[in-house]
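Engineer: Dropping the structure in here first, questions after.
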Amino acid sequence: MRFGILGAGGYVGGALKSYCERQGIPFVVLGRDSTTSPQHVAQAIETHRVDYLISCAGYTGKPNVDACELHKTDCLHGNAVLPGVLRQGCEAADISWGHVSSGCIYTGRRSDGDGFTEADPPNFSFRQNNCSFYSGTKALGEEVLAGASKCYVWRLRIPFEALPNPRNYLQKVMSYDSLLDAENSLSDLHQFAAACVDSFRLGIPYGFYNLTNPGSVTTREVVELIKQAGVIEKEFRFFQDEDDFMRKAAKTPRSNCVLDSSKALGAGLKLTPIREAIADCLMRWGKA
Ligand SMILES: NC(=O)c1ccc[n+]([C@@H]2O[C@H](COP(=O)([O-])OP(=O)(O)OC[C@H]3O[C@@H](n4cnc5c(N)ncnc54)[C@H](OP(=O)(O)O)[C@@H]3O)[C@@H](O)[C@H]2O)c1
């Protein structure tokens with residue numbers, strides 16, 4: 001099976017590419033020129049003999065989602081229009097494919113106290129009028145893909161890994177001057193990449209999957225794990241509350257949320273409990 005990877009130059013796409021390299025999985029990197037129209041997508045699939053397409057392409061904003069408030073056209077195009085173009089191209093070529101979405105379309109927990117499942121509609125979106133521009137476009141992208149044929153939608157949430165990288169959540173916690181204490185579900189980036197490939201390998205049912213490590217953690221709990229691992233010695237400081245964080249460090253509201261990953265686990269995808277996954281990355285810090 002030969003994969004076509006879109007967005008391979010990015011943080012998530014790079015992780016997927018190195019996973020395929022390490023596993024000896026044949027793949028081809030597809031460039032932006034493959035995504036100009038559904039016809040270009042179908043043509044690239046045929047030309048490069050792609051069996052399965054994985055799209056890690058999207059607009060995240062640099063250095064963070066605040067930038068999406070300023071670059072709305074790119075954000076809307078990368079997150080809401082592009083998934084539709086890919087859907088049409090992949091459906092015309094009749095291949096299986098997957099799209100990297102985000103858990104940031106939710107905030108908090110469900111009213112019954114559980115994590116959000118794939119059946120729960122986003123509650124941090126333009127429809128609720130309570131979200132960042134980034135989250136709004138990610139929720140629109142999911143609407144565009146509802147009912148898509150032979151399509152996986154994988155929700156990634158706050159990626160972390162053992163390798164230092166400014167995009168790695170563990171490195172962010174270690175390097176930020178002040179932290180917002182919030183409870184979140186998170187995704188081990190390498191387990192996420194493996195789960196994307198395994199979705200095709202195992203032939204699990206198409207549809208939406210929360211690919212977060214089971215459970216949730218608060219920022220303070222992550223700090224404790226970092227201290228226990230002895231990766232860095234520093235005094236960690238926290239914002240007083242979300243208002244303090246918004247006043248001092250952010251321009252647009254952030255999603256903090258808990259997701260339920262039991263659908264992915266039930267399908268046979270491997271995601272280890274969140275504290276275990278974080279502790280494992282910290283133990284291997286600096287090594288792939
Ligand atoms: N990183 C996170 O914390 C996180 C969390 C949850 C979900 N996600 C999702 O994961 C995906 C990848 O994120 P990332 O962090 O890897 O972002 P990234 O580092 O900014 O990489 C994004 C990639 O997408 C490509 N791209 C952007 N707009 C495109 C367009 N209109 N057409 C074709 N390609 C386009 C970029 O191509 P160029 O190299 O040519 O610019 C780049 O290769 C996004 O959909 C994002 O929403 C990320």
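Ordering of the structure tokens sets the chain letters (A, B, ...), residue numbers begin anew at 1 in every chain, and ligands are numbered from 1 in the order given.
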What residues of the protein or nucleic acid chains come within 8 Å of ligand 1 when you use only C-alpha atoms and all ligand atoms? Reply as a PyMOL selection string.

Structural biologist: chain A and resi 6-14+31-36+55-62+74-75+77-79+82+99-104+134+138+155-159+167-169

Engineer: Find the residues around segment 123-132 of chain A up to 10 Å (only C-alpha atoms counted), leave out those fewer than 6 positions away in its own chain, and share them as a list in words.

Structural biologist: Val65, Asp66, Cys68, Glu69, Gly103, Cys104, Ile105, Tyr106, Thr107, Gly108, Arg109, Arg110, Phe116, Lys138, Ala139, Leu140, Lys251, Thr252, Pro253, Arg254, Ser255, Asn256 and Cys257 of chain A

Engineer: From a backbone DSSP assignment, name each residue in segment 11-258 of chain A labelled strand (DSSP E), as a ChimeraX atom specification.

Structural biologist: /A:27-30,52-55,96-102,151-156,159-160,178-179,183-184,187-188,207-210,217-218,237-238

Engineer: Please indicate the distance in Å from atom CA of Trp285 of chain A to atom CA of Phe238 of chain A, rounded to one decimal place.

Structural biologist: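 It comes out at 23.4 Å.
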
Engineer: Skip Leu269 of chain A itself and residues of its chain fewer than 3 positions away, then list as a list in words all residues within 9 Å of it, counting only C-alpha atoms.

Structural biologist: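 Skipping anything fewer than 3 positions along the chain leaves Ala194, Ala195, Cys196, Asp198, Ser199, Leu202, Ile204, Leu211, Ala264, Leu265 and Gly266 of chain A.
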
Engineer: May I ask which of the residues A:Arg87, A:Leu189, A:Arg220, A:Pro166 is the closest one to Pro63 of chain A, counting only C-alpha atoms?

Structural biologist: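 Ranked by minimum distance to Pro63 of chain A, first place goes to A:Pro166.
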
Engineer: Please identify all polymer residues within 6 Å of Pro38 of chain A, counting only C-alpha atoms, omitting same-chain residues fewer than 3 positions from it, and present them as a PDB file with N, CA and C atoms, in the first residue's frame.

Structural biologist:
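As written to disk, selection-v1.pdb reads:
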ATOM      1  N   VAL A  41      -6.424  17.003  -7.548  1.00  0.00           N
ATOM      2  CA  VAL A  41      -6.269  15.967  -6.506  1.00  0.00           C
ATOM      3  C   VAL A  41      -6.372  14.583  -7.158  1.00  0.00           C
ATOM      4  N   VAL A  85     -12.277  20.214  -1.124  1.00  0.00           N
ATOM      5  CA  VAL A  85     -11.597  19.961  -2.408  1.00  0.00           C
ATOM      6  C   VAL A  85     -11.036  18.534  -2.396  1.00  0.00           C
ATOM      7  N   GLN A  88     -13.819  15.903  -2.711  1.00  0.00           N
ATOM      8  CA  GLN A  88     -14.298  15.717  -4.091  1.00  0.00           C
ATOM      9  C   GLN A  88     -13.274  14.960  -4.940  1.00  0.00           C
ATOM     10  N   GLY A  89     -11.988  15.306  -4.754  1.00  0.00           N
ATOM     11  CA  GLY A  89     -10.934  14.645  -5.542  1.00  0.00           C
ATOM     12  C   GLY A  89     -10.817  13.168  -5.186  1.00  0.00           C
TER      13      GLY A  89
END
